[in-house]
Amino acid sequence: MYYLRTVLQYALTLMVALAVNFFLPRLAPGNPINSLLGADVVETMTAEQVAQVAAELGIHDPLYLQFWNYLTGIFSTDFGNSILLGMPVWDALMQRLPWTLLLMGVALLFSTLIGTVLGVLSAWKRGEITDIVTMGGVLFIGSLPPFWLAMMLIILFSTTLGWLPSFGAYQLGTSFPRPDWFLGVGKRLIMPALALGVVQAASVLLISRASMMAALDQDYIMFARAKGVSERVIFFKHAFRNALLPLYTHVMMGLGSLVGGALVIESVFAYPGLGSLVVMGVNSRDYPLLQGLFVIATISIILANLVTDIFYPLVDPRTRRAR
Amino acid sequence: MHRTMVRAACASALALCLVASPLAHDASLHANPEAGNGSPHTAAGLLSAVNNDGPKSADHLRIGIWNTAANITTYTIGNSWNDWVLYLALDKLLEPSPYLSKGRSWLATEVVQVSEDARVWEAEIRQGVKWHDGTELTAEDVVFTYNLYLNGPANRWTHHVSDVPRIELIEQVGPNRVRFTAPRPMPNFDLVTAPEMPILQKKQWEGIEDPRTLEEPVIGTGPYKLVDFKADEYYHFVAHEEFWGGAPLVKELTLVMIKDPQTMFSALKSGEIDGAARALPPELVEEWKNDPAIEIAQAPSLWGTWMNMNLNDPIFNNRDLRYALSLAIDADEMVERVMLGRAQSGKHGWPHLDSTWTKPGMEVPYDEALAKTGLDAVGFVDKDGDGFRDLPDGTPFDWRIVVSTNQPLYVRAAEIMVEQLATVGVKTHVEAVDAATFNSLTTDGNYEFSISEITPHGLADQDQYVQFYSGAQMKALLESEPERKALYDTWWEADTRDARLEASFALQEYENKYPSRFMLWYPDGLFAYRWQSYDNYVSSFGYGIYNKYSFLPEAGRIGTSDSIDHLIEE
C-alpha cells in the first residue's frame, strides 16, 4: 500500500510538472522567430511573412492544440522538431543525454567521496588543525562561482600548462570504442567534473561532518566505549553507518542542483550535454526543445526521488517499521 | 575623425611602400578596385608585431565557431554571424560579396541586363559545374532555387526576391540561360541579388515538405562538402574534388562549436583549434600582439553598433527631436571608452563607413549646445526643476535603454549613453535583459532606446537599406515625413545604377540629418589564427578572414578585398 501511494503521489507531481513545463516558456517574453531569422531580418518582414513562419513552426496554433500535441507527443517520444536545430527533439536529447549522465555521475561520485571522506575526517579531528584547515579550504572553494572556477581551470590546465583539453566531450576524429576515444573522453571529463563536483562537495562535507558529530554524541557510542570497543570499530561500524542516512538523502536531493550547475559548466566547456542545450533553448525560445528538455529533467528528478523513497526503508530499518 | 585621417595616411603610405616592394605583385592581385568611392577606411592586414610566413596549404584545420548553425541550410542559418559556413558548401551566381560594387562571375558566367528599364535580367549558367553528389548544375536548379526563395517558406534570403527587388517571373529561356523579370526596375540585380542568393540542388530540395528539417547534409556546388555533422557540436567538411574553381588549399575543415568566447580563445591559445571565427575582443589585441604562435588580422567586416529608438512611439516620430538627440551623442567617446580605440566612430552615420555605396564625407556632428537648443525648440524643457527635461506636456520621463545581458560591451555603452544624454538634460536608465527578451521587446516596440549590433547584411547592402522601410517602424516615418517618402520613391523609380546610387546618396544624407538610428561605432574586424597551421587567409568585404576564399587557390580569390599578408603600421 505504501509503495502504491508513493507511486501515485509521484504520478500526480509528474502531471503538474509537465503542465508547468509547457506553459512556463510561453509566459516568458520572446519567440523563436527572431533567433531563427535574425532580429534585423524579422524587422523588415511584413506581418504576413512573420505569420507564415509562425504557422510553419507550429507556434501559431491555438494553445490548447499545442498542449494536446505536447502531451500526446510525450507518450510517443515525439516532441516535435527543434526550431533552431532543425532536427527531432528526441534525437537531440538522446544524442546529448549520455554526456550529461556521464558528467553528472562522475561529479556526483567525486563530490560524495571527497565530501564524505573530508567530512568524516573533520568530525574525527573535531577542533584540531586538520578540521579547521579542511573546513576552511573546502568552504572557500565551494563558495566560488562554478563558472569562474571553470575559467580558472581552463587557464591553468589548458592555456598555461597544456595538460588538458579545454572543450568538448571527446576528441573529434576518434570513435568508440577505440582506446584514444576513451582517453579523450577521460581527459575532457576532468575539468568539468571537478568544477561541478567541488561545489557540491562542500555541502556534502558539511552534512557528513554534522551527521558524524551528532552520531558520535549518542548514548550508544558512550556505551560502546564503556564496553571497551575499539575507536575504529566505534567510528566506522556504529557512528558512520548511522551518519550515512542524512547523507544519502542529501546526495540524492543534490542531483537537482547538479542539473542546475551543468547548465553553466557545459556551456563554458562546450560540453555537448543537455545543459548547453537548455541554454540555447532558453536564449532562442525554442519551445519544442525546451519542452523535451524539461520533460527529461522532470522525469529524472522525480525518478531519483522515487528511488530514494523506495530504498530508504532498506537503508533505515526504523522507517520500515513506521510504515 | 583625426584617427580616421591618420589611418588613411598610414594606408596610403603603406600602399606606396607596397608598390616599391617585391610584395607589390601580391598586393595588386588582391587590391580591391571595386571598393567603392575611394579606398576603404578600414585597412586589411596584420596587427601582430611580426609578419610570420606559415604554410599556404593544409591537410586539416579546426576552426571554432560560436553561433548556432543547426543543420546548415538556408532555413536554419538566419544571420550574418555564420553564413560563411553555409557558403563553404553553397555557391551563388555571382560572388564574392553583395557588399561590393561589382559581382564576379561564379555559377553564372554572366549576368546581364536585357531591358533598358532594368526590369529584366538574364544569367548564363556555367557549364560543367558539379554538385557534391557528382551530378551537374543546370539552369533548372537556378530557376527552382529562386522560385523556392520567392514562393517557399520564408527565410533570411526571401526578401531579396520577394520585396527589394520583387521578382515576379523566373524562367529558363535557353539551355543554360535564366531570365528574371520584375515589375519595377532592379538596376542592382547583379550587384546585390545575384551575389546574395545561394543556389540549391533541385533534386535534393523539391520533395521536401518541411525544408527546415533536412536531415542529410546539404548538397551544394561549393568548394567544401559537408560529410558529417552533429548539430551545434561540430561540422566536418572535406574539399570538393570536382570543384569547378580548382582544388581547395585545405583538404579538411572541422568547425567546432564553442559558444563561450573565453573558452574559444583559450582553445586557440593552447592550439586545440587553428582559428577562432569570432571577433577578437579589443583587450586581447595588445596581449597577443607579440605572441609567437598567433597572428592577429584586421579585416573590414562591415559590422556596426547602433542605438535604435522606438519609432512606433509617436514621441520619436518627430525628426527634429531625433536630430537634437543625435547631436548629444559623442560616438568618439564610445570608441575610446568601450572599444579601447579598436573601432571607427559612428559619427559617419548610416550606412557603414567602408560600404561601397556610402556617400563620402558625411558626418553627424557632436554639438552639446546645439542639442540643447534643439531640444528646447521641440518643447523638451525642464518644467519641474528637477534638472531633467520633461515632455512638451510637462510630464517627466525616464527613458529605458534596453540592452542584452549577453553583450557586456553594449551594457557599458548604454551606461555611457545615460551620462551623455544627461548632459543635455535627457533622463534615461539602462535595462539589461536576456537575449530573447531583448529581441521580443525591440520587435514588439516595447522600449524607448536599445543598443544592438547591426550586421553587414543590414549596414552595407544597398537594397537592405530600403528593405528596412518594409517594417512597421520605418514605414511610419515614410508616412509622416514627405521629404523622406519622396526620396524613397525616387530610389525605387531609378532605373540605372547611377541614378539609384544618386538616390541612395540623397536618402543617406536625409537619414543622417534626421536619423532613425544612431550609429555608435564600426568595430575594426579583428581576427586571430595560428599561423603555423595555415597562413593564407584573405579578407573579404563583410566576412572578415573566415570565408571560403581564404581556402581557395589564387583564381578563386578574385574580388576579395585585400590580402592580409602585410603589417598594418598604426
# chains A, B, ... in the order shown; residues from 1 in each chain; ligands from 1
call {"tool": "interface_residues", "arguments": {"of": "chain A", "to": "chain B", "cutoff": "9 Å", "atoms": "only C-alpha atoms", "output": "short mmCIF file (atom, residue, chain, number, x, y, z; two decimals) with C-alpha atoms, in the first residue's frame"}}
result
data_model
loop_
_atom_site.label_atom_id
_atom_site.label_comp_id
_atom_site.auth_asym_id
_atom_site.auth_seq_id
_atom_site.Cartn_x
_atom_site.Cartn_y
_atom_site.Cartn_z
CA ALA A 28 8.38 34.47 -20.92
CA PRO A 29 8.61 37.28 -23.45
CA GLY A 30 10.04 36.49 -26.87
CA ASN A 31 9.54 33.94 -29.59
CA PRO A 32 11.80 31.70 -31.64
CA ASN A 34 13.82 36.29 -34.01
CA SER A 35 16.51 33.74 -33.24
CA LEU A 36 15.84 31.76 -36.37
CA LEU A 37 15.87 34.61 -38.85
CA GLY A 38 17.73 37.32 -37.00
CA ALA A 39 16.05 40.35 -35.49
CA ASP A 40 17.20 42.65 -38.31
CA VAL A 41 15.53 40.41 -40.90
CA VAL A 42 12.35 39.99 -38.87
CA GLU A 43 12.13 43.75 -38.52
CA THR A 44 11.89 44.10 -42.29
CA MET A 45 9.35 41.32 -42.79
CA THR A 46 5.70 42.01 -43.38
CA ALA A 47 3.20 40.83 -40.80
CA GLN A 49 5.50 36.77 -43.69
CA VAL A 50 6.02 36.60 -39.93
CA GLN A 52 3.62 32.42 -42.26
CA VAL A 53 6.82 31.47 -40.47
CA GLU A 56 5.21 26.72 -40.25
CA ASN A 81 11.30 19.26 -34.18
CA SER A 82 13.67 21.72 -32.60
CA ILE A 83 13.06 25.06 -34.25
CA LEU A 84 16.66 26.13 -34.13
CA LEU A 85 18.41 22.83 -34.70
CA GLY A 86 16.03 21.65 -37.42
CA MET A 87 16.08 18.09 -36.06
CA PRO A 88 13.72 15.95 -33.96
CA ALA A 92 18.83 15.82 -29.97
CA GLN A 95 22.43 12.43 -28.56
CA MET A 151 37.54 29.51 -16.36
CA ILE A 154 40.92 26.27 -18.28
CA ILE A 155 43.51 29.00 -17.91
CA SER A 158 44.74 24.18 -20.82
CA THR A 159 46.23 27.54 -21.70
CA THR A 160 49.17 27.64 -19.30
CA LEU A 161 50.18 24.03 -18.69
CA GLY A 162 48.65 22.48 -21.79
CA PRO A 165 41.78 19.99 -23.48
CA SER A 166 39.51 22.94 -22.83
CA PHE A 167 36.34 21.99 -24.69
CA GLY A 168 34.19 19.16 -25.98
CA LEU A 172 36.98 14.72 -32.80
CA SER A 267 28.35 26.00 -21.66
CA VAL A 268 31.80 27.04 -20.50
CA PHE A 269 33.44 23.78 -21.61
CA ALA A 270 31.35 23.47 -24.79
CA TYR A 271 30.37 20.08 -23.39
CA PRO A 272 27.69 18.60 -25.66
CA LEU A 277 21.11 22.65 -24.96
CA MET A 280 20.45 27.54 -26.27
CA VAL A 282 16.09 29.36 -23.43
CA ASN A 283 18.01 32.03 -25.33
CA SER A 284 16.17 31.28 -28.54
CA ARG A 285 12.78 30.34 -27.02
#
call {"tool": "select_by_dssp", "arguments": {"residues": "segment 14-233 of chain B", "states": "helix (DSSP H, G or I)", "output": "number ranges by chain"}}
result
B: 14-20, 24-30, 83-89, 139-151, 159-162, 189-193, 202-205, 211-213
call {"tool": "residues_around", "arguments": {"residues": "Gly197 of chain A", "least_positions_apart": "4", "cutoff": "8 Å", "atoms": "only C-alpha atoms", "output": "list in words"}}
result
Ala107, Leu108, Phe110, Ser111, Ala193 and Ala201 of chain A
call {"tool": "residues_around", "arguments": {"residues": "Lys92 of chain B", "least_positions_apart": "3", "cutoff": "7 Å", "atoms": "only C-alpha atoms", "output": "ChimeraX atom specification"}}
result
/B:95,106-107,194-199
call {"tool": "residues_around", "arguments": {"residues": "Ala19 of chain A", "least_positions_apart": "5", "cutoff": "10 Å", "atoms": "only C-alpha atoms", "output": "PyMOL selection string"}}
result
chain A and resi 14+24+67+70-71+291+295
call {"tool": "residues_around", "arguments": {"residues": "Ala11 of chain A", "least_positions_apart": "5", "cutoff": "12 Å", "atoms": "only C-alpha atoms", "output": "PyMOL selection string"}}
result
chain A and resi 4-6+16-18+298-299+302-303+306
call {"tool": "residues_around", "arguments": {"residues": "Ser550 of chain B", "least_positions_apart": "5", "cutoff": "7 Å", "atoms": "only C-alpha atoms", "output": "list in words"}}
result
Asn536, Tyr537, Val538 and Ile545 of chain B
call {"tool": "atom_distance", "arguments": {"atom1": "atom CA of Ala49 of chain B", "atom2": "atom CA of Ile273 of chain B"}}
result
21.7 Å
call {"tool": "atom_distance", "arguments": {"atom1": "atom CA of Ser452 of chain B", "atom2": "atom CA of Ile401 of chain B"}}
result
10.6 Å
call {"tool": "atom_distance", "arguments": {"atom1": "atom CA of Gly228 of chain A", "atom2": "atom CA of Leu216 of chain A"}}
result
15.4 Å
